[in-house]
Amino acid sequence: MQAAAMKVLIPGASGQLGRALQTMVPATVQVQALDSTALDIRDAAAVENAVAAFLPDVVINAAA
């Protein structure tokens with residue numbers, strides 16, 4: 001049985017850090033990278049919905 005891939009959510013995906021993080025992710029990791037048009041981190045309900053929909057193991061906040 002193969003282990004499930006780790007899931008990583010990256011808000012702030014279009015910024016310098018977000019883009020750099022996306023280039024470093026191993027192929028075994030499932031990433032959902034969202035820019036500010038897809039996820040406004042100032043909107044708590046939107047963040048909660050994004051996390052609930054993707055169920056990440058890790059959130060790396062690259063949003064400034």
# chains A, B, ... in the order shown; residues from 1 in each chain; ligands from 1
$ select_by_dssp --residues "chain A" --states "alpha helix (DSSP H)" --output "list of chain:residue names"
A:Gln16, A:Leu17, A:Gly18, A:Arg19, A:Ala20, A:Leu21, A:Gln22, A:Thr23, A:Ala44, A:Ala45, A:Ala46, A:Val47, A:Glu48, A:Asn49, A:Ala50, A:Val51, A:Ala52, A:Ala53, A:Phe54
$ closest_atom_pairs --of "range 23-53 of chain A" --to "range 8-18 of chain A" --cutoff "8 Å" --atoms "only C-alpha atoms" --output "JSON lines"
{"residue": "A:Val29", "atom": "CA", "partner": "A:Val8", "partner_atom": "CA", "distance": 7.2}
{"residue": "A:Gln30", "atom": "CA", "partner": "A:Val8", "partner_atom": "CA", "distance": 6.2}
{"residue": "A:Val31", "atom": "CA", "partner": "A:Val8", "partner_atom": "CA", "distance": 4.8}
{"residue": "A:Gln32", "atom": "CA", "partner": "A:Leu9", "partner_atom": "CA", "distance": 4.9}
{"residue": "A:Ala33", "atom": "CA", "partner": "A:Ile10", "partner_atom": "CA", "distance": 4.6}
{"residue": "A:Leu34", "atom": "CA", "partner": "A:Pro11", "partner_atom": "CA", "distance": 4.9}
{"residue": "A:Asp35", "atom": "CA", "partner": "A:Ala13", "partner_atom": "CA", "distance": 4.7}
{"residue": "A:Ser36", "atom": "CA", "partner": "A:Gly12", "partner_atom": "CA", "distance": 6.1}
{"residue": "A:Leu39", "atom": "CA", "partner": "A:Pro11", "partner_atom": "CA", "distance": 6.9}
{"residue": "A:Ile41", "atom": "CA", "partner": "A:Pro11", "partner_atom": "CA", "distance": 7.5}
{"residue": "A:Val51", "atom": "CA", "partner": "A:Leu9", "partner_atom": "CA", "distance": 7.8}
$ write_last_selection --atoms "N, CA and C atoms" --output "PDB file, in the first residue's frame"
ATOM      1  N   VAL A  29       4.764  15.509  -3.251  1.00  0.00           N
ATOM      2  CA  VAL A  29       3.936  16.415  -2.445  1.00  0.00           C
ATOM      3  C   VAL A  29       2.870  17.050  -3.333  1.00  0.00           C
ATOM      4  N   GLN A  30       1.637  17.012  -2.864  1.00  0.00           N
ATOM      5  CA  GLN A  30       0.526  17.638  -3.582  1.00  0.00           C
ATOM      6  C   GLN A  30       0.398  19.073  -3.075  1.00  0.00           C
ATOM      7  N   VAL A  31       0.452  20.026  -3.998  1.00  0.00           N
ATOM      8  CA  VAL A  31       0.430  21.442  -3.621  1.00  0.00           C
ATOM      9  C   VAL A  31      -0.793  22.131  -4.194  1.00  0.00           C
ATOM     10  N   GLN A  32      -1.395  22.966  -3.377  1.00  0.00           N
ATOM     11  CA  GLN A  32      -2.408  23.890  -3.869  1.00  0.00           C
ATOM     12  C   GLN A  32      -1.856  25.283  -3.571  1.00  0.00           C
ATOM     13  N   ALA A  33      -1.456  25.972  -4.630  1.00  0.00           N
ATOM     14  CA  ALA A  33      -0.870  27.303  -4.503  1.00  0.00           C
ATOM     15  C   ALA A  33      -1.905  28.327  -4.956  1.00  0.00           C
ATOM     16  N   LEU A  34      -2.279  29.215  -4.053  1.00  0.00           N
ATOM     17  CA  LEU A  34      -3.334  30.187  -4.333  1.00  0.00           C
ATOM     18  C   LEU A  34      -2.791  31.601  -4.262  1.00  0.00           C
ATOM     19  N   ASP A  35      -3.086  32.392  -5.294  1.00  0.00           N
ATOM     20  CA  ASP A  35      -2.696  33.804  -5.257  1.00  0.00           C
ATOM     21  C   ASP A  35      -3.819  34.603  -4.589  1.00  0.00           C
ATOM     22  N   SER A  36      -3.616  35.895  -4.474  1.00  0.00           N
ATOM     23  CA  SER A  36      -4.575  36.725  -3.730  1.00  0.00           C
ATOM     24  C   SER A  36      -5.943  36.820  -4.396  1.00  0.00           C
ATOM     25  N   LEU A  39      -7.514  33.502  -3.127  1.00  0.00           N
ATOM     26  CA  LEU A  39      -7.700  33.433  -1.682  1.00  0.00           C
ATOM     27  C   LEU A  39      -7.223  34.735  -1.043  1.00  0.00           C
ATOM     28  N   ILE A  41      -6.407  36.336   2.130  1.00  0.00           N
ATOM     29  CA  ILE A  41      -6.122  35.873   3.493  1.00  0.00           C
ATOM     30  C   ILE A  41      -6.703  36.785   4.564  1.00  0.00           C
ATOM     31  N   VAL A  51      -9.053  25.784   3.436  1.00  0.00           N
ATOM     32  CA  VAL A  51      -8.450  24.709   4.229  1.00  0.00           C
ATOM     33  C   VAL A  51      -9.392  23.509   4.294  1.00  0.00           C
TER      34      VAL A  51
END
$ select_by_dssp --residues "chain A" --states "strand (DSSP E)" --output "count of residues only"
12
$ atom_distance --atom1 "CA of Ala64 in chain A" --atom2 "CA of Met24 in chain A"
19.4 Å
$ closest_residue --among "A:Ala27, A:Val58, A:Ala45, A:Leu21" --to "Lys7 in chain A" --atoms "only C-alpha atoms"
A:Val58
$ atom_distance --atom1 "CA of Ala5 in chain A" --atom2 "CA of Thr23 in chain A"
17.2 Å
$ closest_residue --among "A:Ala62, A:Val25, A:Ala46, A:Ala38" --to "Met6 in chain A" --atoms "only C-alpha atoms"
A:Val25
